[in-house]
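Data from final29.cif: mmCIF, C-alpha atoms
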```
data_my_file
loop_
_atom_site.group_PDB
_atom_site.id
_atom_site.type_symbol
_atom_site.label_atom_id
_atom_site.label_comp_id
_atom_site.auth_asym_id
_atom_site.auth_seq_id
_atom_site.Cartn_x
_atom_site.Cartn_y
_atom_site.Cartn_z
ATOM 1 C CA MET Y 6 118.831 43.038 54.099
ATOM 2 C CA THR Y 7 120.335 40.183 56.118
ATOM 3 C CA THR Y 8 122.197 40.302 59.397
ATOM 4 C CA SER Y 9 123.890 37.637 61.475
ATOM 5 C CA ASN Y 10 121.981 38.909 64.493
ATOM 6 C CA PRO Y 11 118.672 40.271 63.172
ATOM 7 C CA PRO Y 12 116.870 42.867 65.286
ATOM 8 C CA ARG Y 13 113.964 41.401 67.228
ATOM 9 C CA ILE Y 14 110.700 43.327 66.949
ATOM 10 C CA LEU Y 15 107.577 42.761 69.044
ATOM 11 C CA VAL Y 16 104.376 43.316 67.065
ATOM 12 C CA PHE Y 17 100.823 43.708 68.357
ATOM 13 C CA ALA Y 18 97.581 45.602 67.808
ATOM 14 C CA GLY Y 19 95.523 47.477 70.361
ATOM 15 C CA SER Y 20 92.449 45.360 69.664
ATOM 16 C CA ALA Y 21 91.334 41.955 70.876
ATOM 17 C CA ARG Y 22 88.593 41.634 68.249
ATOM 18 C CA GLU Y 23 89.087 38.490 66.193
ATOM 19 C CA LYS Y 24 88.563 40.209 62.837
ATOM 20 C CA SER Y 25 90.205 43.478 63.790
ATOM 21 C CA PHE Y 26 91.569 45.475 60.843
ATOM 22 C CA ASN Y 27 94.481 46.575 62.989
ATOM 23 C CA LYS Y 28 95.300 43.005 63.964
ATOM 24 C CA ARG Y 29 95.341 42.203 60.261
ATOM 25 C CA LEU Y 30 97.631 45.163 59.624
ATOM 26 C CA ALA Y 31 99.915 44.125 62.492
ATOM 27 C CA ARG Y 32 100.261 40.603 61.085
ATOM 28 C CA LEU Y 33 101.076 42.062 57.687
ATOM 29 C CA ALA Y 34 103.658 44.377 59.248
ATOM 30 C CA ALA Y 35 105.258 41.396 60.976
ATOM 31 C CA GLU Y 36 105.633 39.700 57.600
ATOM 32 C CA ARG Y 37 107.203 42.819 56.113
ATOM 33 C CA VAL Y 38 109.606 43.124 59.053
ATOM 34 C CA GLU Y 39 110.751 39.559 58.361
ATOM 35 C CA HIS Y 40 111.126 40.360 54.660
ATOM 36 C CA ALA Y 41 113.261 43.378 55.607
ATOM 37 C CA GLY Y 42 115.636 41.188 57.596
ATOM 38 C CA GLY Y 43 114.229 41.542 61.087
ATOM 39 C CA GLN Y 44 112.855 38.883 63.398
ATOM 40 C CA ALA Y 45 109.212 39.640 64.214
ATOM 41 C CA THR Y 46 107.182 38.219 67.085
ATOM 42 C CA PHE Y 47 103.456 38.784 66.597
ATOM 43 C CA ILE Y 48 101.295 38.476 69.709
ATOM 44 C CA ASP Y 49 97.548 38.797 70.181
ATOM 45 C CA LEU Y 50 96.620 40.813 73.281
ATOM 46 C CA ARG Y 51 93.559 38.587 73.619
ATOM 47 C CA ASP Y 52 96.053 35.989 74.911
ATOM 48 C CA TYR Y 53 97.296 38.392 77.632
ATOM 49 C CA PRO Y 54 94.171 39.641 79.452
ATOM 50 C CA LEU Y 55 94.814 42.219 82.152
ATOM 51 C CA PRO Y 56 92.608 43.932 84.735
ATOM 52 C CA LEU Y 57 92.052 47.660 84.429
ATOM 53 C CA TYR Y 58 95.065 49.328 86.031
ATOM 54 C CA ASP Y 59 94.381 49.895 89.730
ATOM 55 C CA GLY Y 60 97.084 51.075 92.119
ATOM 56 C CA ASP Y 61 95.410 49.388 95.085
ATOM 57 C CA LEU Y 62 95.286 46.089 93.195
ATOM 58 C CA GLU Y 63 98.951 46.482 92.286
ATOM 59 C CA ASN Y 64 99.923 47.218 95.902
ATOM 60 C CA ARG Y 65 97.889 44.289 97.180
ATOM 61 C CA GLU Y 66 98.726 41.616 94.594
ATOM 62 C CA GLY Y 67 101.733 42.908 92.679
ATOM 63 C CA LEU Y 68 102.118 42.847 88.932
ATOM 64 C CA PRO Y 69 99.636 40.550 87.137
ATOM 65 C CA ALA Y 70 101.212 37.461 85.587
ATOM 66 C CA ASN Y 71 100.362 38.583 82.053
ATOM 67 C CA ALA Y 72 101.933 41.997 82.632
ATOM 68 C CA ARG Y 73 105.089 40.207 83.726
ATOM 69 C CA ARG Y 74 104.979 38.018 80.621
ATOM 70 C CA LEU Y 75 104.627 41.084 78.416
ATOM 71 C CA GLN Y 76 107.548 42.745 80.166
ATOM 72 C CA GLU Y 77 109.656 39.650 79.554
ATOM 73 C CA LEU Y 78 108.725 39.749 75.879
ATOM 74 C CA LEU Y 79 109.612 43.434 75.678
ATOM 75 C CA ASP Y 80 112.965 42.738 77.310
ATOM 76 C CA GLU Y 81 113.724 40.107 74.647
ATOM 77 C CA HIS Y 82 113.114 42.533 71.764
ATOM 78 C CA GLN Y 83 114.795 45.727 70.609
ATOM 79 C CA GLY Y 84 111.882 47.231 68.719
ATOM 80 C CA LEU Y 85 108.129 47.596 68.623
ATOM 81 C CA MET Y 86 105.644 47.670 65.763
ATOM 82 C CA LEU Y 87 102.232 48.726 67.062
ATOM 83 C CA ALA Y 88 98.925 48.919 65.206
ATOM 84 C CA SER Y 89 96.749 51.436 67.026
ATOM 85 C CA PRO Y 90 92.989 51.462 66.389
ATOM 86 C CA GLU Y 91 91.008 54.641 66.982
ATOM 87 C CA TYR Y 92 88.033 54.755 69.362
ATOM 88 C CA ASN Y 93 86.250 58.126 69.423
ATOM 89 C CA GLY Y 94 89.377 59.842 68.165
ATOM 90 C CA PHE Y 95 91.589 58.258 70.825
ATOM 91 C CA ILE Y 96 93.743 55.172 71.358
ATOM 92 C CA THR Y 97 91.905 52.111 72.624
ATOM 93 C CA PRO Y 98 91.531 51.357 76.348
ATOM 94 C CA LEU Y 99 93.231 48.013 75.648
ATOM 95 C CA MET Y 100 96.340 49.668 74.207
ATOM 96 C CA LYS Y 101 96.572 52.235 77.001
ATOM 97 C CA ASN Y 102 95.969 49.694 79.776
ATOM 98 C CA THR Y 103 98.498 47.242 78.318
ATOM 99 C CA LEU Y 104 101.234 49.859 78.097
ATOM 100 C CA ASP Y 105 100.363 51.180 81.570
ATOM 101 C CA TRP Y 106 100.838 47.736 83.131
ATOM 102 C CA MET Y 107 103.986 47.053 81.102
ATOM 103 C CA SER Y 108 105.556 50.270 82.369
ATOM 104 C CA ARG Y 109 105.112 49.383 86.056
ATOM 105 C CA SER Y 110 108.013 48.209 88.206
ATOM 106 C CA ASP Y 111 108.258 44.565 89.192
ATOM 107 C CA GLY Y 112 110.446 44.292 92.236
ATOM 108 C CA GLU Y 113 113.823 45.745 91.328
ATOM 109 C CA ARG Y 114 113.051 45.723 87.592
ATOM 110 C CA SER Y 115 111.830 49.051 86.268
ATOM 111 C CA GLY Y 116 109.133 48.794 83.641
ATOM 112 C CA LEU Y 117 110.083 52.188 82.264
ATOM 113 C CA ALA Y 118 113.687 51.051 81.853
ATOM 114 C CA LEU Y 119 112.462 48.271 79.546
ATOM 115 C CA PHE Y 120 111.040 50.902 77.189
ATOM 116 C CA ALA Y 121 113.998 53.287 77.359
ATOM 117 C CA ASP Y 122 116.131 51.812 74.561
ATOM 118 C CA GLN Y 123 113.267 50.677 72.343
ATOM 119 C CA VAL Y 124 112.601 51.985 68.828
ATOM 120 C CA ALA Y 125 109.028 51.815 67.547
ATOM 121 C CA ALA Y 126 107.017 52.236 64.392
ATOM 122 C CA VAL Y 127 103.262 52.740 64.481
ATOM 123 C CA VAL Y 128 100.473 52.058 62.012
ATOM 124 C CA SER Y 129 96.701 52.267 62.068
ATOM 125 C CA ALA Y 130 93.684 51.149 60.062
ATOM 126 C CA SER Y 131 90.183 52.557 60.313
ATOM 127 C CA PRO Y 132 86.891 52.236 58.427
ATOM 128 C CA GLY Y 133 86.819 56.036 58.306
ATOM 129 C CA ALA Y 134 88.445 58.396 55.851
ATOM 130 C CA LEU Y 135 91.355 59.405 58.111
ATOM 131 C CA GLY Y 136 92.673 55.920 58.756
ATOM 132 C CA GLY Y 137 93.134 56.441 62.485
ATOM 133 C CA MET Y 138 95.438 59.444 62.190
ATOM 134 C CA ARG Y 139 94.293 60.872 65.531
ATOM 135 C CA SER Y 140 95.188 57.675 67.366
ATOM 136 C CA LEU Y 141 98.600 57.652 65.689
ATOM 137 C CA ALA Y 142 99.432 61.078 67.100
ATOM 138 C CA LEU Y 143 98.403 59.945 70.569
ATOM 139 C CA ILE Y 144 100.197 56.593 70.549
ATOM 140 C CA ARG Y 145 103.328 58.371 69.391
ATOM 141 C CA GLN Y 146 103.018 60.773 72.328
ATOM 142 C CA LEU Y 147 102.439 57.948 74.814
ATOM 143 C CA LEU Y 148 105.407 55.943 73.557
ATOM 144 C CA SER Y 149 107.617 59.043 73.682
ATOM 145 C CA ASN Y 150 106.497 59.629 77.287
ATOM 146 C CA LEU Y 151 107.687 56.082 78.058
ATOM 147 C CA GLY Y 152 111.117 56.865 76.599
ATOM 148 C CA VAL Y 153 110.656 55.072 73.270
ATOM 149 C CA THR Y 154 112.158 56.510 70.078
ATOM 150 C CA VAL Y 155 109.293 56.601 67.563
ATOM 151 C CA LEU Y 156 110.051 56.671 63.850
ATOM 152 C CA PRO Y 157 108.413 59.332 61.672
ATOM 153 C CA ASN Y 158 106.028 58.731 58.757
ATOM 154 C CA PRO Y 159 103.513 56.319 60.334
ATOM 155 C CA LEU Y 160 101.062 54.546 58.041
ATOM 156 C CA ALA Y 161 97.315 55.231 58.280
ATOM 157 C CA VAL Y 162 95.040 52.975 56.242
ATOM 158 C CA PRO Y 163 91.597 54.544 55.623
ATOM 159 C CA ARG Y 164 88.432 52.705 54.585
ATOM 160 C CA ALA Y 165 89.878 49.549 56.062
ATOM 161 C CA ALA Y 166 86.884 47.391 55.146
ATOM 162 C CA GLN Y 167 87.965 47.687 51.500
ATOM 163 C CA ALA Y 168 91.713 48.041 52.071
ATOM 164 C CA PHE Y 169 92.726 44.369 52.334
ATOM 165 C CA SER Y 170 92.679 41.603 49.748
ATOM 166 C CA GLU Y 171 91.408 38.095 50.497
ATOM 167 C CA THR Y 172 95.008 37.057 51.177
ATOM 168 C CA GLY Y 173 95.454 39.832 53.751
ATOM 169 C CA GLU Y 174 97.647 42.087 51.598
ATOM 170 C CA LEU Y 175 96.960 45.785 51.179
ATOM 171 C CA GLU Y 176 95.165 46.494 47.924
ATOM 172 C CA ASP Y 177 96.720 49.907 47.391
ATOM 173 C CA GLU Y 178 100.244 49.871 45.943
ATOM 174 C CA SER Y 179 101.271 53.140 47.597
ATOM 175 C CA GLN Y 180 100.195 51.816 51.000
ATOM 176 C CA ARG Y 181 102.180 48.618 50.435
ATOM 177 C CA GLN Y 182 105.244 50.680 49.570
ATOM 178 C CA ARG Y 183 104.839 52.891 52.630
ATOM 179 C CA LEU Y 184 104.481 49.885 54.915
ATOM 180 C CA ASP Y 185 107.561 48.278 53.374
ATOM 181 C CA ALA Y 186 109.535 51.501 53.784
ATOM 182 C CA LEU Y 187 108.497 51.867 57.433
ATOM 183 C CA CYS Y 188 109.411 48.263 58.244
ATOM 184 C CA ARG Y 189 112.758 48.571 56.457
ATOM 185 C CA ARG Y 190 113.556 51.756 58.346
ATOM 186 C CA LEU Y 191 112.721 50.112 61.670
ATOM 187 C CA VAL Y 192 114.931 47.100 60.941
ATOM 188 C CA THR Y 193 117.756 49.252 59.550
ATOM 189 C CA THR Y 194 117.665 51.671 62.499
ATOM 190 C CA LEU Y 195 117.807 48.841 65.018
ATOM 191 C CA ALA Y 196 120.600 47.088 63.102
ATOM 192 C CA LYS Y 197 122.680 50.278 63.128
ATOM 193 C CA LEU Y 198 122.106 50.721 66.849
ATOM 194 C CA GLN Y 199 123.197 47.126 67.468
ATOM 195 C CA ALA Y 200 126.313 47.661 65.380
ATOM 196 C CA ASP Y 201 127.172 50.766 67.407
ATOM 197 C CA GLU Y 202 126.891 48.966 70.744
ATOM 198 C CA PRO Y 203 130.257 48.481 72.470
ATOM 199 C CA THR Y 204 131.527 44.913 72.595
ATOM 200 C CA GLY Y 205 132.978 43.245 75.642
ATOM 201 C CA GLY Y 206 136.656 42.647 76.203
ATOM 202 C CA SER Y 207 139.614 44.138 77.992
#
```
Full structure transcribed into structure tokens:
Amino acid sequence: MTTSNPPRILVFAGSAREKSFNKRLARLAAERVEHAGGQATFIDLRDYPLPLYDGDLENREGLPANARRLQELLDEHQGLMLASPEYNGFITPLMKNTLDWMSRSDGERSGLALFADQVAAVVSASPGALGGMRSLALIRQLLSNLGVTVLPNPLAVPRAAQAFSETGELEDESQRQRLDALCRRLVTTLAKLQADEPTGGS
């Protein structure tokens, strides 16, 4: 698929660990988004450290600079591809805290409004047998609460320590196909929404 104005998709994982399986999966998803005709921007949340959300801190100092940078990135993209690790059956504190700060208002700009027209796809990788399925259900709920349209059929990659080849590709053919299908659907959905947007003129 090629478009003259490819949908822009922001991609990140809810882990700062250098060798994170989910960071690896997010990078792979970014490649597949590009292959599907989208324009992917992969970011590492390690490069955007944020304090734990604190209303008193926010009232005293305003939005942290990195939260503002993340909001600006979100505003420049139409879609999200998130890789959500699972900690004790839940989403990671890093993922939750990042989205909490991104959803806050900055002066007259509403953080929630930045999420309102976004479309997202979610994936997860885990060393366990379920592949992070519990975190996927929760990240879907959180994104929906923020007003994001979340695509169905997320990808969960179990036994992640054995799931990737030395080149970073998924070893399992069915998982590769599912990731490709999810990325294509995200790009196609966003392209259709862009085509349906009214154009200017009198």
*Determine the nearest neighbour of Glu23 of chain Y from the options Y:His82, Y:Arg51, Y:Arg37, Y:Arg181, counting only C-alpha atoms.*
Y:Arg51
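The shortest atom-to-atom distance to Gly133 of chain Y, with only C-alpha atoms taken into account, belongs to Y:Gln167 out of Y:Gln180, Y:Ser108, Y:Gln167, Y:Ser149.
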Quick one: apply the PyMOL selection byres ((chain Y and resi 15) around 7) to the file and drop the selected residues here as a CSV table (one decimal) with C-alpha atoms, in the coordinates of the input.
```csv
chain,number,residue,atom,x,y,z
Y,13,ARG,CA,114.0,41.4,67.2
Y,14,ILE,CA,110.7,43.3,66.9
Y,16,VAL,CA,104.4,43.3,67.1
Y,17,PHE,CA,100.8,43.7,68.4
Y,45,ALA,CA,109.2,39.6,64.2
Y,46,THR,CA,107.2,38.2,67.1
Y,47,PHE,CA,103.5,38.8,66.6
Y,79,LEU,CA,109.6,43.4,75.7
Y,82,HIS,CA,113.1,42.5,71.8
Y,84,GLY,CA,111.9,47.2,68.7
Y,85,LEU,CA,108.1,47.6,68.6
Y,86,MET,CA,105.6,47.7,65.8
```
*Determine the residue membership of the PyMOL selection byres ((chain Y and resi 99) around 8) for the file above and supply it as a ChimeraX atom specification.*
/Y:19-21,97-98,100-103
Do you know which residues are at most 8 Å from Ile96 of chain Y counting only C-alpha atoms, after dropping those on the same chain fewer than 5 positions away, and could you put them as a compact mmCIF listing (two decimals) with C-alpha atoms, in the frame of the given file?
```
# COMPACT_ATOMS: atom_id res chain seq x y z
CA GLY Y 19 95.52 47.48 70.36
CA SER Y 89 96.75 51.44 67.03
CA PRO Y 90 92.99 51.46 66.39
CA GLU Y 91 91.01 54.64 66.98
CA LYS Y 101 96.57 52.24 77.00
CA SER Y 140 95.19 57.68 67.37
CA LEU Y 141 98.60 57.65 65.69
CA LEU Y 143 98.40 59.94 70.57
CA ILE Y 144 100.20 56.59 70.55
```
*Write out as an MDAnalysis selection string each polymer residue whose atoms come within 8 Å of Leu160 of chain Y, counting all atoms listed in the file; drop sequence neighbours fewer than 4 positions from it.*
chainID Y and resid 127:129 180 183:184 187
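For the choices Y:Gly116, Y:Gly42, Y:Pro11, Y:Gly60, the atom-to-atom distance to Leu78 of chain Y is smallest for Y:Gly116 when using all atoms listed in the file.
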*Could you state which residues are captured by the PyMOL selection byres ((chain Y and resi 27) around 7) in this file, as number ranges by chain?*
Y: 18, 25-26, 28-31, 88-90, 129-130
Could you work out an axis-aligned box for segment 131-144 of chain Y, taking every atom the file lists and adding 8 Å on each side, and report centre and edge lengths in Å to one decimal, as JSON?
```
{"center_x": 93.5, "center_y": 56.7, "center_z": 63.2, "size_x": 29.4, "size_y": 24.8, "size_z": 30.7}
```
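The two atoms in question, atom CA of Leu119 of chain Y and atom CA of Lys197 of chain Y, are spaced 19.4 Å apart.
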*Just give me the gap between atom CA of Pro157 of chain Y and atom CA of Gly173 of chain Y in Å, one decimal is fine.*
24.7 Å
